[in-house]
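S.K.: Next comes structure19.txt, compact mmCIF, C-alpha atoms:
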# COMPACT_ATOMS: atom_id res chain seq x y z
CA LYS A 1 90.15 112.76 106.30
CA GLN A 2 92.90 113.42 103.78
CA GLU A 3 91.76 115.33 100.69
CA VAL A 4 94.00 115.68 97.64
CA THR A 5 93.27 118.37 95.04
CA GLN A 6 94.92 118.88 91.67
CA ILE A 7 94.86 122.07 89.66
CA PRO A 8 94.30 122.55 86.78
CA ALA A 9 91.97 119.70 85.79
CA ALA A 10 93.11 120.01 82.18
CA LEU A 11 95.94 121.78 80.41
CA SER A 12 96.88 122.22 76.75
CA VAL A 13 100.30 123.58 75.78
CA PRO A 14 102.37 123.78 72.60
CA GLU A 15 105.38 121.53 72.30
CA GLY A 16 108.54 122.87 73.95
CA GLU A 17 106.87 124.77 76.76
CA ASN A 18 107.79 124.29 80.40
CA LEU A 19 104.79 123.63 82.62
CA VAL A 20 103.78 123.18 86.24
CA LEU A 21 101.11 120.91 87.67
CA ASN A 22 99.84 121.58 91.17
CA CYS A 23 98.75 119.29 93.98
CA SER A 24 97.52 120.19 97.46
CA PHE A 25 96.61 118.02 100.45
CA THR A 26 94.80 118.78 103.68
CA ASP A 27 96.66 116.66 106.24
CA SER A 28 100.42 117.15 106.53
CA ALA A 29 100.86 113.77 108.30
CA ILE A 30 102.01 111.89 105.21
CA TYR A 31 104.73 109.30 104.65
CA ASN A 32 105.42 110.42 101.12
CA LEU A 33 103.93 111.96 98.01
CA GLN A 34 104.00 110.32 94.61
CA TRP A 35 103.33 111.44 91.06
CA PHE A 36 101.97 108.98 88.52
CA ARG A 37 101.26 109.07 84.81
CA GLN A 38 98.20 107.36 83.30
CA ASP A 39 97.57 106.87 79.59
CA PRO A 40 93.95 106.38 78.44
CA GLY A 41 92.56 102.99 79.48
CA LYS A 42 95.83 101.95 81.06
CA GLY A 43 97.30 101.43 84.50
CA LEU A 44 99.50 103.90 86.37
CA THR A 45 103.23 104.40 85.94
CA SER A 46 105.19 105.81 88.86
CA LEU A 47 107.13 108.96 87.96
CA LEU A 48 108.54 110.36 91.19
CA LEU A 49 108.34 109.59 94.91
CA ILE A 50 109.21 112.26 97.48
CA GLN A 51 109.72 111.17 101.07
CA SER A 52 108.13 113.37 103.72
CA SER A 53 111.61 114.51 104.82
CA GLN A 54 112.64 115.54 101.31
CA ARG A 55 111.96 118.76 99.43
CA GLU A 56 112.28 117.59 95.83
CA GLN A 57 113.06 114.76 93.43
CA THR A 58 114.23 114.88 89.83
CA SER A 59 114.07 112.40 86.98
CA GLY A 60 115.12 113.56 83.53
CA ARG A 61 112.85 116.43 82.48
CA LEU A 62 110.64 116.00 85.55
CA ASN A 63 111.08 117.73 88.89
CA ALA A 64 108.71 117.36 91.81
CA SER A 65 108.75 119.49 94.95
CA LEU A 66 107.11 119.00 98.32
CA ASP A 67 106.21 121.57 100.97
CA LYS A 68 104.61 119.62 103.80
CA SER A 69 103.94 122.64 105.98
CA SER A 70 101.75 124.27 103.33
CA GLY A 71 100.35 120.99 102.02
CA ARG A 72 101.55 121.52 98.46
CA SER A 73 103.49 119.75 95.74
CA THR A 74 104.33 120.74 92.19
CA LEU A 75 105.39 118.69 89.20
CA TYR A 76 107.54 120.64 86.74
CA ILE A 77 107.89 119.30 83.21
CA ALA A 78 110.62 120.89 81.14
CA ALA A 79 110.57 121.19 77.35
CA SER A 80 107.28 119.36 76.94
CA GLN A 81 106.80 116.86 74.11
CA PRO A 82 103.67 115.36 72.50
CA GLY A 83 104.59 112.05 74.15
CA ASP A 84 104.04 113.71 77.53
CA SER A 85 100.30 113.87 76.79
CA ALA A 86 98.58 111.86 79.52
CA THR A 87 96.80 112.27 82.85
CA TYR A 88 99.08 113.04 85.79
CA LEU A 89 97.95 111.90 89.22
CA CYS A 90 99.23 113.04 92.59
CA ALA A 91 98.89 110.72 95.60
CA VAL A 92 99.84 110.88 99.26
CA MET A 93 100.68 107.84 101.32
CA ARG A 94 98.75 107.79 104.54
CA PRO A 95 99.91 106.32 107.86
CA ASN A 96 98.74 102.96 109.18
CA SER A 97 97.24 101.72 105.94
CA GLY A 98 99.87 99.40 104.51
CA TYR A 99 101.19 101.93 102.00
CA ALA A 100 97.72 102.72 100.62
CA LEU A 101 97.42 106.00 98.73
CA ASN A 102 94.96 108.90 98.61
CA PHE A 103 94.72 110.19 95.04
CA GLY A 104 93.77 113.47 93.47
CA LYS A 105 91.51 113.53 90.41
CA GLY A 106 94.41 114.22 88.08
CA THR A 107 95.45 116.80 85.50
CA SER A 108 94.83 115.87 81.86
CA LEU A 109 97.74 117.22 79.80
CA LEU A 110 97.75 117.67 76.03
CA VAL A 111 100.96 118.75 74.33
CA THR A 112 100.35 119.83 70.75
CA PRO A 113 103.00 119.62 68.00
CA ASP B 1 108.71 88.98 82.60
CA GLY B 2 107.81 90.32 86.05
CA GLY B 3 104.70 92.30 86.69
CA ILE B 4 101.05 92.44 87.63
CA THR B 5 98.48 90.78 85.43
CA GLN B 6 94.82 91.72 85.54
CA SER B 7 92.17 89.78 83.70
CA PRO B 8 89.91 90.10 81.91
CA LYS B 9 90.54 93.50 80.30
CA TYR B 10 86.80 93.99 79.78
CA LEU B 11 83.99 92.43 81.82
CA PHE B 12 80.23 92.70 81.66
CA ARG B 13 77.89 92.06 84.54
CA LYS B 14 74.21 91.24 84.40
CA GLU B 15 71.74 92.42 87.00
CA GLY B 16 72.04 90.45 90.24
CA GLN B 17 75.22 88.69 89.18
CA ASN B 18 78.49 88.40 91.08
CA VAL B 19 81.66 88.76 89.02
CA THR B 20 85.30 88.19 89.94
CA LEU B 21 88.26 90.20 88.72
CA SER B 22 91.62 88.49 88.71
CA CYS B 23 94.91 90.01 89.86
CA GLU B 24 98.17 88.03 89.82
CA GLN B 25 101.71 89.26 90.54
CA ASN B 26 105.09 87.56 90.19
CA LEU B 27 107.06 90.33 91.88
CA ASN B 28 107.11 88.57 95.27
CA HIS B 29 105.42 91.61 96.81
CA ASP B 30 103.79 91.26 100.22
CA ALA B 31 101.11 93.93 99.88
CA MET B 32 98.33 94.11 97.28
CA TYR B 33 95.55 96.63 96.67
CA TRP B 34 92.36 97.16 94.73
CA TYR B 35 91.36 100.62 93.55
CA ARG B 36 88.31 101.83 91.67
CA GLN B 37 88.47 104.69 89.15
CA ASP B 38 85.41 106.51 87.80
CA PRO B 39 85.65 108.86 84.78
CA GLY B 40 87.33 112.13 85.71
CA GLN B 41 87.93 110.91 89.24
CA GLY B 42 90.93 109.85 91.21
CA LEU B 43 91.44 106.32 92.42
CA ARG B 44 89.58 105.18 95.52
CA LEU B 45 90.77 102.31 97.71
CA ILE B 46 88.47 99.27 97.94
CA TYR B 47 90.52 96.68 99.85
CA TYR B 48 94.15 96.02 100.67
CA SER B 49 96.14 93.08 101.99
CA GLN B 50 99.52 93.28 103.68
CA ILE B 51 100.07 89.52 104.09
CA VAL B 52 98.53 86.24 103.03
CA ASN B 53 95.20 85.39 104.71
CA ASP B 54 94.74 88.95 105.92
CA PHE B 55 93.04 91.97 104.35
CA GLN B 56 91.47 95.28 105.38
CA LYS B 57 88.63 97.39 104.06
CA GLY B 58 89.46 100.58 102.26
CA ASP B 59 87.26 103.62 101.78
CA ILE B 60 84.59 102.03 99.55
CA ALA B 61 84.47 98.32 100.49
CA GLU B 62 80.68 97.94 100.54
CA GLY B 63 79.48 95.58 97.80
CA TYR B 64 82.93 94.05 97.26
CA SER B 65 84.77 91.06 98.70
CA VAL B 66 88.34 89.76 98.42
CA SER B 67 90.50 86.82 99.40
CA ARG B 68 94.26 86.40 99.81
CA GLU B 69 94.97 82.67 99.91
CA LYS B 70 98.24 82.96 98.00
CA LYS B 71 100.89 85.67 97.99
CA GLU B 72 100.64 85.98 94.21
CA SER B 73 96.88 86.38 93.94
CA PHE B 74 94.31 88.91 95.19
CA PRO B 75 90.95 88.41 93.41
CA LEU B 76 88.15 90.96 93.79
CA THR B 77 84.48 89.92 93.68
CA VAL B 78 81.93 92.56 92.77
CA THR B 79 78.72 91.36 94.38
CA SER B 80 75.12 92.10 93.47
CA ALA B 81 75.03 94.43 96.47
CA GLN B 82 77.23 96.88 94.56
CA LYS B 83 74.56 98.93 92.80
CA ASN B 84 76.86 101.05 90.67
CA PRO B 85 79.70 98.74 89.62
CA THR B 86 80.57 100.35 86.27
CA ALA B 87 84.14 101.59 86.65
CA PHE B 88 87.77 100.91 85.83
CA TYR B 89 89.36 98.63 88.42
CA LEU B 90 93.07 98.73 89.13
CA CYS B 91 95.12 96.26 91.12
CA ALA B 92 98.51 97.17 92.61
CA SER B 93 101.23 95.58 94.67
CA SER B 94 104.12 96.89 96.74
CA ILE B 95 107.03 95.61 98.78
CA SER B 96 107.77 99.00 100.30
CA GLU B 97 106.52 102.48 99.51
CA LYS B 98 106.60 102.09 95.75
CA LEU B 99 103.44 100.76 94.13
CA PHE B 100 103.23 98.93 90.84
CA PHE B 101 99.93 98.84 88.97
CA GLY B 102 98.31 96.39 86.61
CA SER B 103 96.72 97.49 83.34
CA GLY B 104 93.18 97.45 84.71
CA THR B 105 89.79 95.84 84.11
CA GLN B 106 86.86 97.83 82.72
CA LEU B 107 83.62 96.54 84.25
CA SER B 108 80.31 97.48 82.68
CA VAL B 109 76.71 96.57 83.48
CA LEU B 110 74.51 95.03 80.78
What would the structure in this file look like if it were written as structure tokens?

M.R.:
Amino acid sequence: KQEVTQIPAALSVPEGENLVLNCSFTDSAIYNLQWFRQDPGKGLTSLLLIQSSQREQTSGRLNASLDKSSGRSTLYIAASQPGDSATYLCAVMRPNSGYALNFGKGTSLLVTP
Amino acid sequence: DGGITQSPKYLFRKEGQNVTLSCEQNLNHDAMYWYRQDPGQGLRLIYYSQIVNDFQKGDIAEGYSVSREKKESFPLTVTSAQKNPTAFYLCASSISEKLFFGSGTQLSVL
């Protein structure tokens, strides 16, 4: 069974810092890995999707990497801002499940002014 | 305005009562999903449907039921058999590998 783990569970940084969120998964047989953002009491917003054949994806200040062989992904946020404060969820898409996702528990990020 | 609409935003269930959560999408997506989120936890898959009139159980389907009579709609019923229904419920849809989520329904037990 696929297990997805995110470290750390919570993180507080001052504005302007670069930071890294970590995600690991137990089964390397994945279609892709996705990073989402969730604000309190809200739905999820897709940030980045990395195909299993890719090593990284970038969008603005966000960069996500994927190492399938070691079962790891990182989300790098450059020059953090208070508006980045949210929970970040990592999810892997599993085979033969109609694009259903296995999620980690998330990292709660607080960026202080 | 395209998207996924979940209603109601807040729902309360009495003991022994069935309640239905609504999920509607106008994105013309084939696949739809229901996830449950508990505080401090990741999302867990309840049911998913890849086409109309067909659906499959996810990891935690016990105590829940769904229907998919129309492409746009995928309602979730939380039955009285679900003994711990308090959670945040999220509906999603996809046409390929990218999922789009609704804004969620918070279900609480009175």

S.K.: Ranking B:Trp34, B:Tyr10, B:Tyr64, B:Tyr48 by minimum distance to Pro85 (chain B) and counting all atoms listed in the file, which one comes first?

M.R.: B:Tyr64

S.K.: Would you give me, as a list in words, the residues of chain B that come within 7 Å of chain A, using all atoms listed in the file?

M.R.: Gly40, Gln41, Gly42, Leu43, Gln50, Leu90, Glu97, Phe101, Gly102, Ser103 and Gly104 of chain B

S.K.: Which residue is closest to Leu99 (chain B)? Choose from A:Ser52, A:Ser65, A:Leu47, A:Thr112 and count all atoms listed in the file.

M.R.: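 Checking each of A:Ser52, A:Ser65, A:Leu47, A:Thr112 against Leu99 (chain B), counting all atoms listed in the file, the winner is A:Leu47.
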
S.K.: Measuring atom to atom with all atoms listed in the file, identify which of A:Ile30, A:Arg72, A:Pro40, A:Gly16 is nearest to Pro39 (chain B).

M.R.: A:Pro40

S.K.: Rank B:Ser49, B:Ser93, B:Gln6, B:Gln82 by their smallest atom-to-atom distance to Leu27 (chain B), using only C-alpha atoms, and report the top residue only.

M.R.: B:Ser93

S.K.: Grab the CA of Tyr47 (chain B) to CA of Tyr89 (chain B) distance for me, in Å with one decimal place.

M.R.: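 Computed distance, CA of Tyr47 (chain B) to CA of Tyr89 (chain B), equals 11.7 Å.
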
S.K.: Go through A:Ser80, A:Asn96, A:Ser85, A:Leu109 one by one, measure the shortest atom-to-atom distance of each to Glu17 (chain A) using all atoms listed in the file, and give the residue with the smallest value.

M.R.: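 Nearest to Glu17 (chain A): A:Ser80.
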
S.K.: For CA of Asp84 (chain A) and CA of Leu11 (chain A), determine how far apart the two atoms are, in Å to one decimal place.

M.R.: 11.8 Å

S.K.: Hey, what's within 8 Å of Leu11 (chain B) if we count all atoms listed in the file and toss same-chain stuff fewer than 4 positions away? As a PDB file with C-alpha atoms, in the frame of the given file, please?

M.R.:
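File produced: part32.pdb:
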ATOM      1  CA  THR B 105      89.790  95.840  84.110  1.00  0.00           C
ATOM      2  CA  GLN B 106      86.860  97.830  82.720  1.00  0.00           C
ATOM      3  CA  LEU B 107      83.620  96.540  84.250  1.00  0.00           C
ATOM      4  CA  SER B 108      80.310  97.480  82.680  1.00  0.00           C
TER       5      SER B 108
END

S.K.: As an exercise, work out the distance from CA of Gln37 (chain B) to CA of Pro14 (chain A) in Å and give it to one decimal place.

M.R.: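 Computed distance, CA of Gln37 (chain B) to CA of Pro14 (chain A), equals 28.8 Å.
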
S.K.: Residues within 9 Å of Ala78 (chain A), please, as a compact mmCIF listing (two decimals) with C-alpha atoms, in the frame of the given file. Count all atoms listed in the file; anything in the same chain fewer than 2 positions from it doesn't count.

M.R.:
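This is the output file around-v3.txt:
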# COMPACT_ATOMS: atom_id res chain seq x y z
CA GLY A 16 108.54 122.87 73.95
CA GLU A 17 106.87 124.77 76.76
CA ASN A 18 107.79 124.29 80.40
CA LEU A 19 104.79 123.63 82.62
CA VAL A 20 103.78 123.18 86.24
CA GLY A 60 115.12 113.56 83.53
CA ARG A 61 112.85 116.43 82.48
CA LEU A 62 110.64 116.00 85.55
CA ASN A 63 111.08 117.73 88.89
CA TYR A 76 107.54 120.64 86.74
CA SER A 80 107.28 119.36 76.94
CA GLN A 81 106.80 116.86 74.11

S.K.: Which residues are near Leu21 (chain B)? Cut-off 8 Å, all atoms listed in the file, ignore same chain within fewer than 3 positions. Put them as a ChimeraX atom specification.

M.R.: /B:6-8,75-78,105

S.K.: For a cutoff of 7 Å around the file-coordinate point (94.4, 96.7, 95.9), which residues qualify once you count all atoms listed in the file? I'd like the result as a list in words.

M.R.: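 Those residues, ordered by chain and then number, are Met32, Tyr33, Trp34, Tyr35, Leu45, Ile46, Tyr47, Tyr48, Cys91 and Ala92 of chain B.
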
S.K.: I'd like the box whose edges run along x, y and z of the file and which contains every listed atom of region 5-23 of chain A, padded by 8 Å per side; could you state its centre and edge lengths in Å, one decimal, as JSON?

M.R.:
{"center_x": 100.3, "center_y": 121.6, "center_z": 83.7, "size_x": 32.6, "size_y": 22.4, "size_z": 38.7}

S.K.: When you count only C-alpha atoms, which of these residues is closest to Ala86 (chain A): A:Ile50, A:Ala29, A:Ala10, A:Ala64?

M.R.: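 Nearest candidate to Ala86 (chain A) out of A:Ile50, A:Ala29, A:Ala10, A:Ala64: A:Ala10.
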
S.K.: Please, could N, CA and C atoms be added to region 49-73 of chain B and the result written as a PDB file, in the coordinates of the input?

M.R.:
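To be explicit, this is the file written out as out-v6.pdb:
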ATOM      1  N   SER B  49      95.652  94.230 101.248  1.00  0.00           N
ATOM      2  CA  SER B  49      96.140  93.080 101.990  1.00  0.00           C
ATOM      3  C   SER B  49      97.646  93.238 102.169  1.00  0.00           C
ATOM      4  N   GLN B  50      98.094  93.124 103.402  1.00  0.00           N
ATOM      5  CA  GLN B  50      99.520  93.280 103.680  1.00  0.00           C
ATOM      6  C   GLN B  50     100.239  91.934 103.739  1.00  0.00           C
ATOM      7  N   ILE B  51      99.483  90.869 104.046  1.00  0.00           N
ATOM      8  CA  ILE B  51     100.070  89.520 104.090  1.00  0.00           C
ATOM      9  C   ILE B  51      99.012  88.511 103.687  1.00  0.00           C
ATOM     10  N   VAL B  52      99.445  87.308 103.409  1.00  0.00           N
ATOM     11  CA  VAL B  52      98.530  86.240 103.030  1.00  0.00           C
ATOM     12  C   VAL B  52      97.532  85.988 104.164  1.00  0.00           C
ATOM     13  N   ASN B  53      96.298  85.700 103.785  1.00  0.00           N
ATOM     14  CA  ASN B  53      95.200  85.390 104.710  1.00  0.00           C
ATOM     15  C   ASN B  53      94.804  86.551 105.597  1.00  0.00           C
ATOM     16  N   ASP B  54      95.141  87.764 105.171  1.00  0.00           N
ATOM     17  CA  ASP B  54      94.740  88.950 105.920  1.00  0.00           C
ATOM     18  C   ASP B  54      94.446  90.089 104.951  1.00  0.00           C
ATOM     19  N   PHE B  55      93.355  90.820 105.190  1.00  0.00           N
ATOM     20  CA  PHE B  55      93.040  91.970 104.350  1.00  0.00           C
ATOM     21  C   PHE B  55      92.183  92.951 105.148  1.00  0.00           C
ATOM     22  N   GLN B  56      92.210  94.212 104.706  1.00  0.00           N
ATOM     23  CA  GLN B  56      91.470  95.280 105.380  1.00  0.00           C
ATOM     24  C   GLN B  56      90.606  96.031 104.385  1.00  0.00           C
ATOM     25  N   LYS B  57      89.489  96.558 104.880  1.00  0.00           N
ATOM     26  CA  LYS B  57      88.630  97.390 104.060  1.00  0.00           C
ATOM     27  C   LYS B  57      89.280  98.732 103.804  1.00  0.00           C
ATOM     28  N   GLY B  58      89.053  99.229 102.586  1.00  0.00           N
ATOM     29  CA  GLY B  58      89.460 100.580 102.260  1.00  0.00           C
ATOM     30  C   GLY B  58      88.298 101.542 102.450  1.00  0.00           C
ATOM     31  N   ASP B  59      88.272 102.572 101.622  1.00  0.00           N
ATOM     32  CA  ASP B  59      87.260 103.620 101.780  1.00  0.00           C
ATOM     33  C   ASP B  59      85.888 103.260 101.210  1.00  0.00           C
ATOM     34  N   ILE B  60      85.860 102.331 100.242  1.00  0.00           N
ATOM     35  CA  ILE B  60      84.590 102.030  99.550  1.00  0.00           C
ATOM     36  C   ILE B  60      84.389 100.524  99.426  1.00  0.00           C
ATOM     37  N   ALA B  61      84.506  99.785 100.527  1.00  0.00           N
ATOM     38  CA  ALA B  61      84.470  98.320 100.490  1.00  0.00           C
ATOM     39  C   ALA B  61      83.069  97.730 100.314  1.00  0.00           C
ATOM     40  N   GLU B  62      82.027  98.496 100.586  1.00  0.00           N
ATOM     41  CA  GLU B  62      80.680  97.940 100.540  1.00  0.00           C
ATOM     42  C   GLU B  62      80.337  97.431  99.140  1.00  0.00           C
ATOM     43  N   GLY B  63      79.845  96.178  99.075  1.00  0.00           N
ATOM     44  CA  GLY B  63      79.480  95.580  97.800  1.00  0.00           C
ATOM     45  C   GLY B  63      80.611  94.828  97.126  1.00  0.00           C
ATOM     46  N   TYR B  64      81.752  94.764  97.797  1.00  0.00           N
ATOM     47  CA  TYR B  64      82.930  94.050  97.260  1.00  0.00           C
ATOM     48  C   TYR B  64      83.412  93.034  98.291  1.00  0.00           C
ATOM     49  N   SER B  65      84.097  91.987  97.799  1.00  0.00           N
ATOM     50  CA  SER B  65      84.770  91.060  98.700  1.00  0.00           C
ATOM     51  C   SER B  65      86.074  90.616  98.060  1.00  0.00           C
ATOM     52  N   VAL B  66      87.031  90.202  98.897  1.00  0.00           N
ATOM     53  CA  VAL B  66      88.340  89.760  98.420  1.00  0.00           C
ATOM     54  C   VAL B  66      88.781  88.527  99.187  1.00  0.00           C
ATOM     55  N   SER B  67      89.831  87.896  98.682  1.00  0.00           N
ATOM     56  CA  SER B  67      90.500  86.820  99.400  1.00  0.00           C
ATOM     57  C   SER B  67      91.993  86.939  99.116  1.00  0.00           C
ATOM     58  N   ARG B  68      92.806  86.381 100.025  1.00  0.00           N
ATOM     59  CA  ARG B  68      94.260  86.400  99.810  1.00  0.00           C
ATOM     60  C   ARG B  68      94.813  85.056 100.308  1.00  0.00           C
ATOM     61  N   GLU B  69      94.540  84.020  99.541  1.00  0.00           N
ATOM     62  CA  GLU B  69      94.970  82.670  99.910  1.00  0.00           C
ATOM     63  C   GLU B  69      96.399  82.387  99.481  1.00  0.00           C
ATOM     64  N   LYS B  70      96.863  83.127  98.479  1.00  0.00           N
ATOM     65  CA  LYS B  70      98.240  82.960  98.000  1.00  0.00           C
ATOM     66  C   LYS B  70      98.879  84.342  97.902  1.00  0.00           C
ATOM     67  N   LYS B  71     100.177  84.394  98.062  1.00  0.00           N
ATOM     68  CA  LYS B  71     100.890  85.670  97.990  1.00  0.00           C
ATOM     69  C   LYS B  71     100.727  86.309  96.619  1.00  0.00           C
ATOM     70  N   GLU B  72     100.651  85.468  95.577  1.00  0.00           N
ATOM     71  CA  GLU B  72     100.640  85.980  94.210  1.00  0.00           C
ATOM     72  C   GLU B  72      99.284  86.489  93.754  1.00  0.00           C
ATOM     73  N   SER B  73      98.219  86.156  94.466  1.00  0.00           N
ATOM     74  CA  SER B  73      96.880  86.380  93.940  1.00  0.00           C
ATOM     75  C   SER B  73      95.985  87.153  94.904  1.00  0.00           C
TER      76      SER B  73
END
